[in-house]
Structures are given as C-alpha cells and as structure tokens.
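Structure first, commentary second.
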Amino acid sequence: MRQKSILYGMVLVLISLFSCEESTVSVLKPVREFRILKSLEQQNQWWYRERKWYMSSFQKQGNDPKTFARLEKVMNHTNRYIQFIDRLKSDLIKYIGKGVDPNTKMPKDPEAKPQVKRFFEYFNKEFSTRFALYEQQMRAVTTPIQQANLRDILKGQEDQSYLATYFSNTTVVEALQVLTLLQIKVFENEHTIWEKSNFKHRDFVPNF
C-alpha cells in the first residue's frame with residue numbers, strides 16, 4: 001500500500017513535468033499542481049514521524065547496540081540531505097517564487113521557468129558534490145546486499161544529469177514537487193536499511 005501511494009505521487013509528478021513541454025498558464029493548472037505538492041509533503045512528514053518511532057522503539061529494546069549505532073549513522077546522513085533539500089525548497093520559494101501568498105498558501109509566482117533553471121545551475125556544483133558524498137557515505141554504512149537494494153536517487157533521462165532532466169524546463173511548483181519526491185527517496189533508502197536490521201519494525205500503511 002505504501003509503495004502504491006508513493007508510486008501514485010511519482011506518476012503525477014512525472015505527468016506534470018513531461019506531458020507538455022511548452023506549458024502555459026491554462027495547461028499548468030497551478031492549483032492542481034499545488035495539491036500534488038501538498039500530497040507529497042504529507043508523505044514526507046509521515047516519514048519523519050515513522051523513523052522517529054522506529055529509532056525510539058529500537059533504542060528501548062536495547063539488545064543490539066551495534067546495529068543501533070550503525071542505523072544512527074544512517075539517520076545522520078539522511079538528516080543532512082533532507083535539510084539540504086529543505087533549504088533549496090525554502091530558497092526557491094523565497095527568491096524565485098517571490099514568497100508565499102498568504103491567501104492561497106502558494107508561491108506568488110508559481111510558474112517561473114527560466115529563473116528556476118538558473119537557480120539550479122547556480123547550485124549545480126554543490127548539489128552534485130553533496131549527493132556524490134551521500135552515495136559514498138551510504139556505501140560505508142551498508143552491506144553489499146543492502147547496497148543492491150538502495151535506490152539510484154539521482155537518475156536522469158537519456159544521458160542527461162538529474163538536474164538537467166528535471167529542472168531545465170520546470171516551473172516553481174513542479175520543482176518543489178521533484179525536490180519533495182527526492183526527499184522521499186532518501187527516506188526510502190533509509191527504510192531499506194531498517195528492513196535488514198535485527199529489529200522488526202511495525203507493519204505500517206500511511207493514510208494519505
């Protein structure tokens with residue numbers, strides 16, 4: 001059920017990004033795209049709560065401190081990249097989206113495109129460097145079996161980079177969707193490592 005809900009969100013995002021390259025105001029439908037973004041944000045917040053429960057329960061069980069310490073390292077890596085993406089989202093809304101409209105709760109300029117591309121070109125080096133380090137860190141704290149199950153979170157299309165694929169012709173709201181989906185993928189990588197630990201986490205089905 002969880003995988004279906006996340007897949008549904010991914011499909012909606014990809015449809016919004018690639019169904020019409022030459023988007024116009026009438027095609028984009030910012031309110032609809034904002035609803036998709038809010039759905040993805042719900043999933044993101046659910047992951048925050050679930051992992052907090054998981055680590056608290058694991059620590060209380062207390063019979064596998066070595067595995068717990070290794071998972072704490074994974075959590076620290078995840079936190080670092082989630083926070084980096086949060087900063088990108090905040091800056092994107094503030095500087096490209098012109099802030100948040102208090103009435104609609106949407107960016108005041110949700111459809112800016114050339115500015116979005118320039119925004120990510122500016123962060124290109126930091127973005128690529130950080131996620132190369134992320135992959136290196138995850139390899140250092142996972143087994144070969146776990147590594148085989150980790151998601152390739154920065155996969156572009158047709159020999160393009162991730163940034164070129166998803167942010168070269170993208171509005172503010174669509175870019176926020178993709179960044180939030182990226183956070184979910186980072187959380188899912190962490191969850192893959194939970195499943196290989198000696199602590200059985202609860203069966204869970206998010207209610208979105």
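Order determines the names: the first chain of the structure tokens is A, the second B, and so forth; residues in each chain are numbered 1 upward, and ligands are numbered 1 upward as they are shown.
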
### Message
Residues near Ile145 in chain A, anyone? I mean within 10 Å using only C-alpha atoms, not counting same-chain ones fewer than 4 positions away, as a PyMOL selection string.
### Response
chain A and resi 149-150+193+196

### Message
Need to verify the contact set: range 126-134 of chain A, 9 Å, only C-alpha atoms, exclusion of same-chain residues closer than 5 positions in sequence. Can you return it as a count of residues only?
### Response
8

### Message
Quick one: residues within 7 Å of range 55-70 of chain A, only C-alpha atoms, excluding same-chain residues fewer than 3 positions away - as a PyMOL selection string?
### Response
chain A and resi 51-52+73-74+141+197+199

Write out the residues from the selection above, keeping C-alpha atoms, as a short mmCIF file (atom, residue, chain, number, x, y, z; two decimals), in the first residue's frame.
data_model
loop_
_atom_site.label_atom_id
_atom_site.label_comp_id
_atom_site.auth_asym_id
_atom_site.auth_seq_id
_atom_site.Cartn_x
_atom_site.Cartn_y
_atom_site.Cartn_z
CA ARG A 51 11.53 6.97 11.60
CA LYS A 52 11.30 8.76 14.97
CA LYS A 73 24.88 6.94 11.33
CA VAL A 74 22.44 6.30 8.51
CA VAL A 141 27.49 2.06 6.44
CA SER A 197 18.37 -4.78 10.85
CA PHE A 199 14.78 -5.11 14.94
#

### Query
Which residues come within 6 Å of range 38-45 of chain A, counting only C-alpha atoms, excluding same-chain residues fewer than 3 positions away, as a ChimeraX atom specification?
/A:35,48,184

#### Entry: Among listed residues A:Asn76, A:Asn124, A:Gly99, A:Ser168, nearest Gln137 in chain A (using only C-alpha atoms)
A:Asn76

### Task
Figure out the distance between CA of Asn189 in chain A and CA of Glu174 in chain A, please, to one decimal in Å.
22.9 Å

### Message
I'd like the interatomic distance between CA of Asp159 in chain A and CA of Leu176 in chain A, to a tenth of an Å.
### Response
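We find that CA of Asp159 in chain A and CA of Leu176 in chain A lie 23.0 Å from each other.
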
### Task
Enumerate the residues of range 3-208 of chain A with a DSSP assignment of helix (DSSP H, G or I), computed from the backbone, and present them as a count of residues only.
146

### Query
Distance CA of Gln115 in chain A-CA of Ile85 in chain A, one decimal place?
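Taking CA of Gln115 in chain A and CA of Ile85 in chain A, their separation equals 18.0 Å.
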
### Task
Would you mind telling me which residue in A:Gln183, A:Asn79, A:Ser90, A:Gln136 lies nearest to Ile153 in chain A when using only C-alpha atoms?
A:Gln183
